[in-house]
$ cat structure_21.tsv   # TSV, C-alpha atoms and all ligand atoms
chain	number	residue	atom	x	y	z
A	1	MET	CA	61.39	23.84	103.58
A	2	ALA	CA	58.57	21.95	101.94
A	3	ASP	CA	57.34	22.83	98.48
A	4	PHE	CA	53.67	23.51	99.08
A	5	TYR	CA	52.76	22.53	95.53
A	6	GLN	CA	54.52	19.21	96.00
A	7	THR	CA	52.81	18.72	99.35
A	8	LEU	CA	49.43	19.09	97.69
A	9	GLY	CA	50.54	17.09	94.66
A	10	VAL	CA	49.65	19.76	92.11
A	11	GLU	CA	51.50	21.63	89.37
A	12	ARG	CA	52.60	25.20	89.99
A	13	THR	CA	50.15	26.23	87.31
A	14	ALA	CA	47.21	24.47	89.00
A	15	SER	CA	43.95	26.40	89.25
A	16	ALA	CA	42.41	27.37	92.58
A	17	GLU	CA	39.80	24.70	91.94
A	18	ASP	CA	42.42	21.98	91.39
A	19	ILE	CA	44.29	23.03	94.50
A	20	LYS	CA	41.11	22.83	96.54
A	21	LYS	CA	40.22	19.44	95.10
A	22	SER	CA	43.63	18.00	95.85
A	23	TYR	CA	43.60	19.49	99.33
A	24	ARG	CA	40.22	17.95	100.11
A	25	HIS	CA	41.36	14.57	98.91
A	26	LEU	CA	44.59	14.63	100.95
A	27	ALA	CA	43.00	16.13	104.05
A	28	ARG	CA	40.47	13.33	104.08
A	29	LYS	CA	43.13	10.69	103.47
A	30	HIS	CA	45.40	11.82	106.30
A	31	HIS	CA	42.74	13.04	108.73
A	32	PRO	CA	43.65	12.02	112.30
A	33	ASP	CA	40.14	10.71	112.90
A	34	LEU	CA	40.63	8.21	110.11
A	35	ASN	CA	44.21	7.34	111.12
A	36	PRO	CA	44.09	7.04	114.92
A	37	GLY	CA	47.55	6.84	116.48
A	38	ASP	CA	49.34	7.24	113.15
A	39	LYS	CA	52.01	9.89	113.78
A	40	ALA	CA	53.11	10.07	110.14
A	41	ALA	CA	49.57	10.66	108.96
A	42	SER	CA	49.01	13.37	111.53
A	43	GLU	CA	52.26	15.08	110.47
A	44	ARG	CA	51.26	14.83	106.84
A	45	PHE	CA	47.82	16.22	107.68
A	46	LYS	CA	49.48	19.26	109.29
A	47	GLN	CA	51.70	19.83	106.24
A	48	VAL	CA	48.71	19.64	103.91
A	49	GLN	CA	46.84	22.17	106.06
A	50	GLU	CA	49.82	24.52	106.08
A	51	ALA	CA	50.30	24.28	102.31
A	52	TYR	CA	46.63	24.86	101.63
A	53	ASP	CA	46.51	27.81	104.03
A	54	VAL	CA	49.02	29.58	101.81
A	55	LEU	CA	48.02	28.39	98.36
A	56	SER	CA	44.30	29.04	98.89
A	57	ASP	CA	44.89	32.69	99.81
A	58	PRO	CA	45.61	34.81	96.72
A	59	LYS	CA	47.86	37.24	98.59
A	60	LYS	CA	49.83	34.58	100.40
A	61	LYS	CA	50.09	32.56	97.21
A	62	THR	CA	51.43	35.55	95.26
A	63	MET	CA	54.16	36.05	97.80
A	64	TYR	CA	54.96	32.36	97.91
A	65	ASP	CA	55.15	32.21	94.13
A	66	GLN	CA	57.38	35.28	93.95
A	67	VAL	CA	59.83	34.72	96.76
A	68	GLY	CA	59.52	31.00	97.43
A	69	PHE	CA	58.25	31.18	100.98
A	70	TYR	CA	55.40	32.57	102.95
A	71	SER	CA	55.61	33.60	106.53
A	72	GLU	CA	53.50	36.01	108.47
A	73	SER	CA	56.59	37.31	110.22
A	74	GLY	CA	58.20	37.93	106.87
A	75	ALA	CA	61.11	35.58	107.45
A	76	PRO	CA	61.39	32.21	105.81
A	77	ARG	CA	60.53	29.40	108.14
A	78	GLY	CA	63.14	26.72	107.95
A	79	ALA	CA	66.12	26.79	105.68
A	80	GLY	CA	67.29	25.26	102.47
A	81	PRO	CA	66.65	25.92	98.81
A	82	GLN	CA	63.40	27.51	97.71
A	83	PRO	CA	62.04	25.18	95.08
A	84	GLY	CA	60.79	27.11	92.13
A	85	GLY	CA	61.17	30.50	93.77
A	86	PRO	CA	63.71	33.05	92.61
A	87	ASN	CA	66.97	33.08	94.47
A	88	MET	CA	66.65	36.51	96.00
A	89	GLY	CA	69.31	36.20	98.67
A	90	PHE	CA	67.34	37.65	101.52
A	91	GLY	CA	69.50	35.96	104.12
A	92	GLY	CA	70.57	38.29	106.88
A	93	PHE	CA	67.75	40.81	106.66
A	94	ASP	CA	65.21	40.97	109.38
A	95	PHE	CA	61.92	41.07	107.62
A	96	SER	CA	59.85	41.12	110.74
A	97	ASP	CA	60.02	44.90	110.71
A	98	PHE	CA	57.87	45.11	107.66
A	99	ALA	CA	55.10	42.97	108.92
A	100	ALA	CA	55.02	44.20	112.48
A	101	ARG	CA	54.99	47.85	111.49
A	102	GLY	CA	52.40	49.93	113.27
A	103	ALA	CA	50.37	47.44	115.21
A	104	SER	CA	51.19	44.65	117.54
A	105	ARG	CA	49.63	41.29	117.33
A	106	PRO	CA	46.40	41.21	119.33
A	107	PRO	CA	46.36	38.62	122.11
A	108	GLY	CA	44.94	35.31	121.06
A	109	SER	CA	45.15	36.14	117.40
A	110	THR	CA	46.86	33.69	115.14
A	111	GLY	CA	47.64	36.14	112.38
A	112	TYR	CA	48.27	39.79	111.74
A	113	PRO	CA	45.37	42.05	111.00
A	114	GLN	CA	44.34	42.09	107.39
A	115	GLU	CA	45.69	45.55	106.61
A	116	GLU	CA	49.10	44.78	108.03
A	117	THR	CA	49.51	41.78	105.80
A	118	ALA	CA	48.24	43.78	102.84
A	119	ASN	CA	50.83	46.53	103.30
A	120	PHE	CA	53.59	44.03	103.63
A	121	GLN	CA	52.30	42.42	100.49
A	122	ASP	CA	52.22	45.69	98.60
A	123	ILE	CA	55.81	46.43	99.48
A	124	PHE	CA	56.84	43.06	98.17
A	125	SER	CA	54.80	43.64	95.08
A	126	GLN	CA	56.64	46.84	94.38
A	127	TRP	CA	60.00	45.15	94.61
A	128	PHE	CA	58.93	42.86	91.86
A	129	GLY	CA	57.32	45.54	89.80
A	130	ARG	CA	53.87	44.19	90.26
A	131	SER	CA	50.89	45.82	91.79
A	132	GLN	CA	48.20	43.74	93.36
A	133	ASN	CA	45.83	46.68	92.99
A	134	ALA	CA	46.28	46.92	89.28
A	135	ALA	CA	45.07	43.35	88.85
A	136	GLN	CA	42.00	43.97	90.98
A	137	GLN	CA	41.08	47.10	89.06
A	138	ALA	CA	41.37	45.67	85.58
A	139	PRO	CA	38.11	46.19	83.69
A	140	GLN	CA	35.92	43.12	83.73
A	141	LYS	CA	32.96	42.45	81.50
A	142	GLY	CA	29.68	42.38	83.38
A	143	THR	CA	28.05	39.05	84.12
A	144	ASP	CA	25.02	37.77	82.18
A	145	LEU	CA	21.59	37.61	83.76
A	146	GLU	CA	19.11	34.76	83.35
A	147	TYR	CA	15.37	35.22	83.69
A	148	GLY	CA	12.41	32.98	83.00
A	149	LEU	CA	9.24	34.25	81.39
A	150	ASN	CA	5.88	32.43	81.48
A	151	ILE	CA	3.56	33.01	78.57
A	152	ASP	CA	0.35	31.25	77.64
A	153	PHE	CA	-0.26	29.04	74.62
A	154	TRP	CA	-1.77	31.82	72.51
A	155	GLN	CA	0.99	34.32	73.29
A	156	ALA	CA	3.51	31.77	72.06
A	157	ILE	CA	1.52	31.15	68.85
A	158	LYS	CA	0.87	34.78	68.01
A	159	GLY	CA	3.90	36.43	69.55
A	160	THR	CA	3.66	38.96	72.33
A	161	GLN	CA	5.25	41.87	74.07
A	162	ALA	CA	6.22	41.28	77.69
A	163	ARG	CA	7.49	43.59	80.37
A	164	LEU	CA	10.02	42.03	82.67
A	165	THR	CA	11.18	43.50	85.96
A	166	ILE	CA	14.82	42.66	86.50
A	167	SER	CA	17.43	43.71	89.01
A	168	ARG	CA	20.84	44.37	87.60
A	169	HIS	CA	24.03	46.20	88.43
A	170	GLU	CA	24.29	49.41	86.51
A	171	GLY	CA	27.26	51.71	86.13
A	172	CYS	CA	27.18	54.37	88.88
A	173	THR	CA	26.29	57.70	87.30
A	174	ILE	CA	27.55	59.75	90.24
A	175	CYS	CA	31.20	58.67	89.79
A	176	ALA	CA	30.88	57.57	86.16
A	177	GLY	CA	31.79	54.04	87.19
A	178	THR	CA	35.16	54.91	88.71
A	179	GLY	CA	34.06	54.25	92.30
A	180	GLN	CA	35.91	57.39	93.40
A	181	ARG	CA	34.55	60.47	95.06
A	182	SER	CA	34.85	63.61	93.01
A	183	GLY	CA	36.15	66.91	94.36
A	184	ASN	CA	39.00	67.46	96.82
A	185	ASN	CA	41.32	64.62	97.57
A	186	THR	CA	42.52	63.95	101.06
A	187	LEU	CA	46.15	63.79	102.10
A	188	CYS	CA	47.48	60.23	102.18
A	189	PRO	CA	47.87	59.38	105.88
A	190	GLU	CA	50.45	56.72	105.10
A	191	CYS	CA	53.11	59.08	103.64
A	192	ASN	CA	51.67	62.44	104.75
A	193	GLY	CA	51.43	63.45	101.14
A	194	THR	CA	55.08	62.90	100.25
A	195	GLY	CA	54.36	59.82	98.14
A	196	ASN	CA	57.25	57.94	99.78
A	197	VAL	CA	57.58	55.81	102.85
A	198	THR	CA	60.75	54.77	104.64
A	199	GLN	CA	61.22	51.22	105.77
A	200	MET	CA	63.91	49.73	107.96
A	201	ALA	CA	65.02	46.22	107.24
A	202	GLY	CA	67.69	45.25	109.71
A	203	ALA	CA	70.53	47.61	109.02
A	204	MET	CA	69.15	48.67	105.65
A	205	LYS	CA	66.93	51.64	105.08
A	206	PHE	CA	64.59	51.66	102.11
A	207	SER	CA	62.72	54.53	100.57
A	208	LEU	CA	59.71	53.08	98.82
A	209	THR	CA	56.87	54.49	96.82
A	210	CYS	CA	53.95	54.75	99.18
A	211	PRO	CA	51.84	51.64	98.61
A	212	LYS	CA	48.64	53.29	99.75
A	213	CYS	CA	48.51	56.24	97.33
A	214	GLU	CA	50.92	54.69	94.82
A	215	GLY	CA	53.14	57.74	95.05
A	216	GLY	CA	50.46	60.32	94.40
A	217	GLY	CA	50.45	61.62	97.95
A	218	ARG	CA	46.71	62.05	97.92
A	219	LEU	CA	43.82	59.67	98.24
A	220	ARG	CA	40.52	59.89	96.55
A	221	GLY	CA	37.63	58.91	98.75
A	222	ARG	CA	35.11	56.31	97.72
A	223	CYS	CA	31.99	57.33	95.90
A	224	SER	CA	29.28	57.44	98.56
A	225	THR	CA	26.61	56.24	96.13
A	226	CYS	CA	28.23	53.01	94.99
A	227	HIS	CA	30.66	52.61	97.92
A	228	GLY	CA	33.60	52.34	95.55
A	229	ASP	CA	32.24	49.53	93.39
A	230	GLY	CA	31.45	51.80	90.44
A	231	ARG	CA	28.13	50.00	90.08
A	232	ILE	CA	24.78	50.16	91.82
A	233	ALA	CA	22.02	47.59	92.04
A	234	LYS	CA	18.94	48.75	90.22
A	235	THR	CA	15.49	47.40	89.49
A	236	GLU	CA	14.58	47.97	85.90
A	237	THR	CA	11.81	47.03	83.51
A	238	VAL	CA	12.75	45.59	80.15
A	239	ASP	CA	10.30	45.26	77.28
A	240	VAL	CA	10.79	42.05	75.38
A	241	ARG	CA	9.22	41.06	72.09
A	242	ILE	CA	8.42	37.37	71.90
A	243	PRO	CA	8.27	36.39	68.22
A	244	ALA	CA	5.27	34.48	66.86
A	245	GLY	CA	5.75	30.73	67.11
A	246	ALA	CA	8.09	30.88	70.11
A	247	GLN	CA	8.82	27.39	71.35
A	248	GLN	CA	8.95	25.95	74.83
A	249	GLY	CA	12.38	26.70	76.33
A	250	ALA	CA	13.31	29.29	73.66
A	251	ARG	CA	16.13	31.53	74.88
A	252	LEU	CA	16.11	35.18	73.91
A	253	ARG	CA	19.09	37.46	74.30
A	254	VAL	CA	18.84	41.14	75.09
A	255	ALA	CA	22.33	42.52	74.47
A	256	GLY	CA	23.83	44.78	77.10
A	257	LYS	CA	21.08	44.28	79.68
A	258	GLY	CA	23.13	42.08	81.99
A	259	ASN	CA	25.20	43.49	84.84
A	260	ALA	CA	27.43	46.47	84.12
A	261	GLY	CA	31.13	45.79	83.77
A	262	THR	CA	33.69	47.25	86.14
A	263	HIS	CA	35.81	50.26	85.23
A	264	GLY	CA	34.06	50.93	81.97
A	265	ALA	CA	34.06	47.37	80.62
A	266	ALA	CA	31.06	46.20	78.59
A	267	ALA	CA	27.91	45.04	80.30
A	268	GLY	CA	26.81	41.41	80.16
A	269	ASP	CA	23.68	40.26	78.37
A	270	LEU	CA	20.22	39.39	79.58
A	271	TYR	CA	18.93	35.93	78.64
A	272	ILE	CA	15.24	35.14	78.85
A	273	THR	CA	14.04	31.56	78.78
A	274	VAL	CA	10.45	31.25	77.59
A	275	ARG	CA	8.14	28.81	79.35
A	276	VAL	CA	4.88	28.17	77.51
A	277	GLU	CA	1.86	27.13	79.56
A	278	GLU	CA	-0.15	24.16	78.35
A	279	HIS	CA	-3.45	24.50	76.55
A	280	PRO	CA	-6.29	22.26	77.73
A	281	PHE	CA	-6.81	20.77	74.22
A	282	PHE	CA	-4.09	21.84	71.82
A	283	ARG	CA	-0.72	20.13	72.16
A	284	ARG	CA	2.25	21.41	70.30
A	285	GLU	CA	4.92	19.18	68.75
A	286	GLY	CA	7.42	21.29	66.89
A	287	ASP	CA	5.27	23.42	64.64
A	288	ASP	CA	2.44	20.89	64.41
A	289	ILE	CA	-0.62	21.18	66.59
A	290	HIS	CA	-2.22	17.99	67.89
A	291	ILE	CA	-5.74	17.64	69.13
A	292	THR	CA	-7.85	14.65	70.08
A	293	VAL	CA	-11.57	14.93	69.26
A	294	PRO	CA	-14.35	12.60	70.42
A	295	VAL	CA	-16.51	11.05	67.70
A	296	ARG	CA	-19.70	9.02	68.24
A	297	ILE	CA	-19.93	5.51	66.78
A	298	ASP	CA	-22.77	6.51	64.46
A	299	GLU	CA	-20.62	9.40	63.10
A	300	ALA	CA	-17.67	7.07	62.59
A	301	GLY	CA	-19.79	4.25	61.23
A	302	LEU	CA	-21.84	6.26	58.77
A	303	GLY	CA	-19.29	8.92	57.94
A	304	THR	CA	-19.95	12.63	58.38
A	305	LYS	CA	-18.38	16.06	58.47
A	306	ILE	CA	-17.49	17.51	61.87
A	307	GLU	CA	-16.20	20.86	63.00
A	308	VAL	CA	-12.85	20.82	64.77
A	309	PRO	CA	-11.08	23.72	66.50
A	310	THR	CA	-7.82	24.98	64.99
A	311	ILE	CA	-5.64	27.86	66.08
A	312	ASP	CA	-7.33	29.88	63.32
A	313	GLY	CA	-10.86	29.03	64.43
A	314	ARG	CA	-13.27	26.26	63.35
A	315	ALA	CA	-12.45	24.01	60.41
A	316	LEU	CA	-14.50	21.28	58.71
A	317	LEU	CA	-13.12	17.77	58.82
A	318	LYS	CA	-14.55	14.88	56.81
A	319	ILE	CA	-14.92	11.69	58.82
A	320	PRO	CA	-15.02	8.85	56.29
A	321	GLN	CA	-17.39	5.95	56.75
A	322	GLY	CA	-15.80	3.32	58.98
A	323	THR	CA	-13.31	5.62	60.75
A	324	GLY	CA	-11.60	3.79	63.57
A	325	ASN	CA	-10.57	4.82	67.05
A	326	GLY	CA	-7.13	6.53	67.13
A	327	GLN	CA	-7.18	7.29	63.42
A	328	LYS	CA	-5.41	10.54	62.57
A	329	PHE	CA	-6.24	13.20	60.01
A	330	ARG	CA	-3.94	15.95	58.85
A	331	LEU	CA	-5.12	19.50	58.23
A	332	ARG	CA	-2.30	20.94	56.13
A	333	GLU	CA	-0.85	24.30	57.12
A	334	LYS	CA	-3.16	24.72	60.09
A	335	GLY	CA	-0.27	24.52	62.56
A	336	VAL	CA	2.11	27.12	63.96
A	337	SER	CA	3.52	29.83	61.69
A	338	ARG	CA	7.15	30.37	62.37
A	339	GLY	CA	9.79	32.00	60.25
A	340	GLY	CA	7.76	31.86	57.02
A	341	THR	CA	6.68	28.22	57.22
A	342	ARG	CA	3.62	26.69	58.78
A	343	GLY	CA	3.10	23.37	60.50
A	344	ASP	CA	0.00	21.14	60.21
A	345	GLN	CA	-2.77	20.24	62.57
A	346	ILE	CA	-3.16	16.58	63.39
A	347	VAL	CA	-6.61	15.48	64.53
A	348	GLU	CA	-6.84	12.17	66.37
A	349	ILE	CA	-10.22	10.44	66.62
A	350	SER	CA	-11.39	9.11	69.95
A	351	LEU	CA	-14.48	6.89	69.55
A	352	LEU	CA	-17.08	7.27	72.25
A	353	ALA	CA	-18.96	4.26	73.51
A	354	PRO	CA	-22.70	4.87	73.27
A	355	ASP	CA	-24.28	5.98	76.51
A	356	VAL	CA	-27.20	3.57	76.83
A	357	ARG	CA	-29.68	4.64	79.50
A	358	ASP	CA	-33.01	4.22	77.81
A	359	GLU	CA	-34.85	1.15	76.57
A	360	ARG	CA	-35.04	2.30	72.94
A	361	SER	CA	-31.27	2.72	72.61
A	362	ARG	CA	-30.80	-0.70	74.16
A	363	GLU	CA	-33.16	-2.24	71.62
A	364	LEU	CA	-31.38	-0.55	68.71
A	365	LEU	CA	-27.97	-1.80	69.82
A	366	LYS	CA	-29.31	-5.31	70.38
A	367	GLU	CA	-30.76	-5.20	66.90
A	368	TYR	CA	-27.42	-4.06	65.54
A	369	ALA	CA	-25.69	-6.90	67.34
A	370	GLU	CA	-28.07	-9.44	65.89
A	371	LEU	CA	-27.25	-8.14	62.43
A	372	HIS	CA	-23.52	-8.58	63.13
A	373	PRO	CA	-23.04	-11.86	64.96
A	374	GLU	CA	-19.38	-12.16	63.84
A	375	ASP	CA	-16.71	-12.11	66.58
A	376	PRO	CA	-14.78	-8.77	66.36
A	377	ARG	CA	-11.74	-10.60	67.85
A	378	SER	CA	-11.66	-13.34	65.28
A	379	GLU	CA	-8.45	-12.00	63.73
A	380	ILE	CA	-6.72	-12.19	67.11
A	381	TRP	CA	-7.93	-15.76	67.68
A	382	SER	CA	-6.64	-16.79	64.30
A	383	LYS	CA	-3.12	-15.74	65.23
A	384	VAL	CA	-2.83	-16.65	68.90
B	1	ZN	ZN	50.88	57.85	100.35
B	2	ZN	ZN	29.84	55.67	92.30

$ encode --input "structure_21.tsv" --output "structure tokens"
Amino acid sequence: MADFYQTLGVERTASAEDIKKSYRHLARKHHPDLNPGDKAASERFKQVQEAYDVLSDPKKKTMYDQVGFYSESGAPRGAGPQPGGPNMGFGGFDFSDFAARGASRPPGSTGYPQEETANFQDIFSQWFGRSQNAAQQAPQKGTDLEYGLNIDFWQAIKGTQARLTISRHEGCTICAGTGQRSGNNTLCPECNGTGNVTQMAGAMKFSLTCPKCEGGGRLRGRCSTCHGDGRIAKTETVDVRIPAGAQQGARLRVAGKGNAGTHGAAAGDLYITVRVEEHPFFRREGDDIHITVPVRIDEAGLGTKIEVPTIDGRALLKIPQGTGNGQKFRLREKGVSRGGTRGDQIVEISLLAPDVRDERSRELLKEYAELHPEDPRSEIWSKV
């Protein structure tokens, strides 16, 4: 019989993701549509499908890993050594009893109903001292939640309090997270409360611990509130404090406000990514604030003092005589306060061309031009 791991070209320790990747690669390579008339490829394609069918299904894979074969009828298909599997010496037993117990295969169905396979699996698990259920019920930490929060420029500068509506899984209070119904337990229908089931395997008769109630004889129903999950989805409001100076893309963590864990495990965390809306004039770069202010040519030419906006309010800025377009001035410690330090404000000058609509302005500019006949581009010409 083929070694399914070998067929898919993966190690026995390969992850589900690796198995899938390898399967996809091989299935594409040997696909009949891509290899018309190639019998070997079509045979190989079938083998790859068969191997993946088993190794992609956790229950089938567990059985394959433990006993070295998987078959829905319970008997090994084909003969020969079981590579990697334990030598259990099952030869001679008729395993079909186990699988076929209770229900017959519905017409047209290619496999046994889910529950049938599961029981068969549980019995195998018991033989090897392993319970599939135990693995599924191990406590697992809750997953983290990610939310985005939009705040405006000023809220980011000054800090703010925001209320966020989130939906998260919370531990079910009705069953205290166990997923089980409280009160009277019902008799296990599998073993009629004895805790044991009898199985025939060929000529052998086995008495096994009932896989359904795990020997307890009684079953606890599922919690009707959480349907057995131990958690319920809940919409909740969370108050978040955004510290002053919060930056674009800042990520805040609220511990324990992610999804609840299963079976009493810790909850995940809530992460909030801050998105800061733009201001029409102030631009933020780190903790510095940048602003571009228009200045008339007479202000720049003669020098003056102008008022500029800062995040604290108006501030006076001296424009020296002969200030050029694009020139920058620094207002120290007028930027963003964050963690005890403060950035600066950078003011960039944008020179406005004079708006000449009247005759008098035209005359004045012409007069100015006559006083300054030199070519303003002379430096360029000297170097080109
Ligand atoms: Zn039982
Ligand atoms: Zn519950």

$ closest_atom_pairs --input "structure_21.tsv" --of "chain A" --to "ligand ZN 1 (chain B)" --cutoff "10 Å" --atoms "all atoms listed in the file" --output "Markdown table"
| residue | atom | partner | partner_atom | distance |
| --- | --- | --- | --- | --- |
| A:Leu187 | CA | B:ZN1 | ZN | 7.8 |
| A:Cys188 | CA | B:ZN1 | ZN | 4.5 |
| A:Pro189 | CA | B:ZN1 | ZN | 6.5 |
| A:Glu190 | CA | B:ZN1 | ZN | 4.9 |
| A:Cys191 | CA | B:ZN1 | ZN | 4.2 |
| A:Asn192 | CA | B:ZN1 | ZN | 6.4 |
| A:Gly193 | CA | B:ZN1 | ZN | 5.7 |
| A:Thr194 | CA | B:ZN1 | ZN | 6.6 |
| A:Gly195 | CA | B:ZN1 | ZN | 4.6 |
| A:Asn196 | CA | B:ZN1 | ZN | 6.4 |
| A:Val197 | CA | B:ZN1 | ZN | 7.4 |
| A:Thr209 | CA | B:ZN1 | ZN | 7.7 |
| A:Cys210 | CA | B:ZN1 | ZN | 4.5 |
| A:Pro211 | CA | B:ZN1 | ZN | 6.5 |
| A:Lys212 | CA | B:ZN1 | ZN | 5.1 |
| A:Cys213 | CA | B:ZN1 | ZN | 4.2 |
| A:Glu214 | CA | B:ZN1 | ZN | 6.4 |
| A:Gly215 | CA | B:ZN1 | ZN | 5.8 |
| A:Gly216 | CA | B:ZN1 | ZN | 6.5 |
| A:Gly217 | CA | B:ZN1 | ZN | 4.5 |
| A:Arg218 | CA | B:ZN1 | ZN | 6.4 |
| A:Leu219 | CA | B:ZN1 | ZN | 7.6 |

$ residues_near_ligand --input "structure_21.tsv" --ligand "ligand ZN 2 (chain B)" --cutoff "10 Å" --atoms "only C-alpha atoms and all ligand atoms" --output "compact mmCIF listing (two decimals) with C-alpha atoms, in the coordinates of the input"
# COMPACT_ATOMS: atom_id res chain seq x y z
CA GLY A 171 27.26 51.71 86.13
CA CYS A 172 27.18 54.37 88.88
CA THR A 173 26.29 57.70 87.30
CA ILE A 174 27.55 59.75 90.24
CA CYS A 175 31.20 58.67 89.79
CA ALA A 176 30.88 57.57 86.16
CA GLY A 177 31.79 54.04 87.19
CA THR A 178 35.16 54.91 88.71
CA GLY A 179 34.06 54.25 92.30
CA GLN A 180 35.91 57.39 93.40
CA ARG A 181 34.55 60.47 95.06
CA SER A 182 34.85 63.61 93.01
CA ARG A 222 35.11 56.31 97.72
CA CYS A 223 31.99 57.33 95.90
CA SER A 224 29.28 57.44 98.56
CA THR A 225 26.61 56.24 96.13
CA CYS A 226 28.23 53.01 94.99
CA HIS A 227 30.66 52.61 97.92
CA GLY A 228 33.60 52.34 95.55
CA ASP A 229 32.24 49.53 93.39
CA GLY A 230 31.45 51.80 90.44
CA ARG A 231 28.13 50.00 90.08
CA ILE A 232 24.78 50.16 91.82

$ residues_around --input "structure_21.tsv" --residues "Pro320 in chain A" --least-positions-apart "6" --cutoff "9 Å" --atoms "only C-alpha atoms" --output "PyMOL selection string"
chain A and resi 299-305

$ residues_around --input "structure_21.tsv" --residues "range 267-281 of chain A" --least-positions-apart "2" --cutoff "10 Å" --atoms "all atoms listed in the file" --output "count of residues only"
54

$ atom_distance --input "structure_21.tsv" --atom1 "CA of Ala266 in chain A" --atom2 "CA of Gly221 in chain A"
24.7 Å

$ residues_around --input "structure_21.tsv" --residues "Lys20 in chain A" --least-positions-apart "5" --cutoff "10 Å" --atoms "only C-alpha atoms" --output "list in words"
Leu8, Ala14, Ser15, His25, Leu26, Tyr52, Leu55 and Ser56 of chain A

$ atom_distance --input "structure_21.tsv" --atom1 "CA of Gln199 in chain A" --atom2 "CA of Asp53 in chain A"
27.7 Å

$ closest_residue --input "structure_21.tsv" --among "A:Lys383, A:Lys46, A:Lys59, A:Arg163" --to "Thr237 in chain A" --atoms "all atoms listed in the file"
A:Arg163

$ atom_distance --input "structure_21.tsv" --atom1 "CA of Ser22 in chain A" --atom2 "CA of Leu34 in chain A"
17.6 Å

$ closest_residue --input "structure_21.tsv" --among "A:Arg12, A:Lys39, A:Arg28, A:Lys21" --to "Thr62 in chain A" --atoms "all atoms listed in the file"
A:Arg12

$ closest_residue --input "structure_21.tsv" --among "A:Pro58, A:Pro139, A:Gly202, A:Gly335" --to "Lys158 in chain A" --atoms "all atoms listed in the file"
A:Gly335

$ closest_residue --input "structure_21.tsv" --among "A:Val10, A:Asp33, A:Gly159, A:Ile297" --to "Asp355 in chain A" --atoms "all atoms listed in the file"
A:Ile297

$ decode --input "structure_21.tsv" --residues "range 170-182 of chain A" --atoms "N, CA and C atoms" --output "compact mmCIF listing (two decimals), in the first residue's frame"
# COMPACT_ATOMS: atom_id res chain seq x y z
N GLU A 170 -17.99 36.47 24.43
CA GLU A 170 -17.80 36.55 25.87
C GLU A 170 -18.12 35.19 26.46
N GLY A 171 -17.49 34.89 27.59
CA GLY A 171 -17.78 33.63 28.27
C GLY A 171 -19.26 33.57 28.62
N CYS A 172 -19.91 32.42 28.37
CA CYS A 172 -21.34 32.28 28.65
C CYS A 172 -21.54 32.24 30.17
N THR A 173 -22.39 33.14 30.66
CA THR A 173 -22.59 33.19 32.11
C THR A 173 -23.56 32.12 32.59
N ILE A 174 -24.41 31.64 31.69
CA ILE A 174 -25.41 30.64 32.07
C ILE A 174 -24.72 29.32 32.48
N CYS A 175 -23.71 28.90 31.69
CA CYS A 175 -23.04 27.62 31.96
C CYS A 175 -21.62 27.85 32.48
N ALA A 176 -21.30 29.08 32.79
CA ALA A 176 -19.96 29.44 33.27
C ALA A 176 -18.87 29.00 32.30
N GLY A 177 -19.19 29.04 31.01
CA GLY A 177 -18.20 28.75 30.00
C GLY A 177 -17.97 27.27 29.71
N THR A 178 -18.72 26.40 30.39
CA THR A 178 -18.49 24.96 30.16
C THR A 178 -19.19 24.47 28.91
N GLY A 179 -20.25 25.17 28.48
CA GLY A 179 -21.02 24.72 27.32
C GLY A 179 -22.04 23.65 27.66
N GLN A 180 -22.06 23.24 28.94
CA GLN A 180 -22.97 22.15 29.33
C GLN A 180 -24.19 22.68 30.05
N ARG A 181 -25.28 21.96 29.88
CA ARG A 181 -26.52 22.32 30.55
C ARG A 181 -26.41 21.90 32.02
N SER A 182 -26.90 22.73 32.89
CA SER A 182 -26.87 22.35 34.30
C SER A 182 -28.10 21.49 34.62
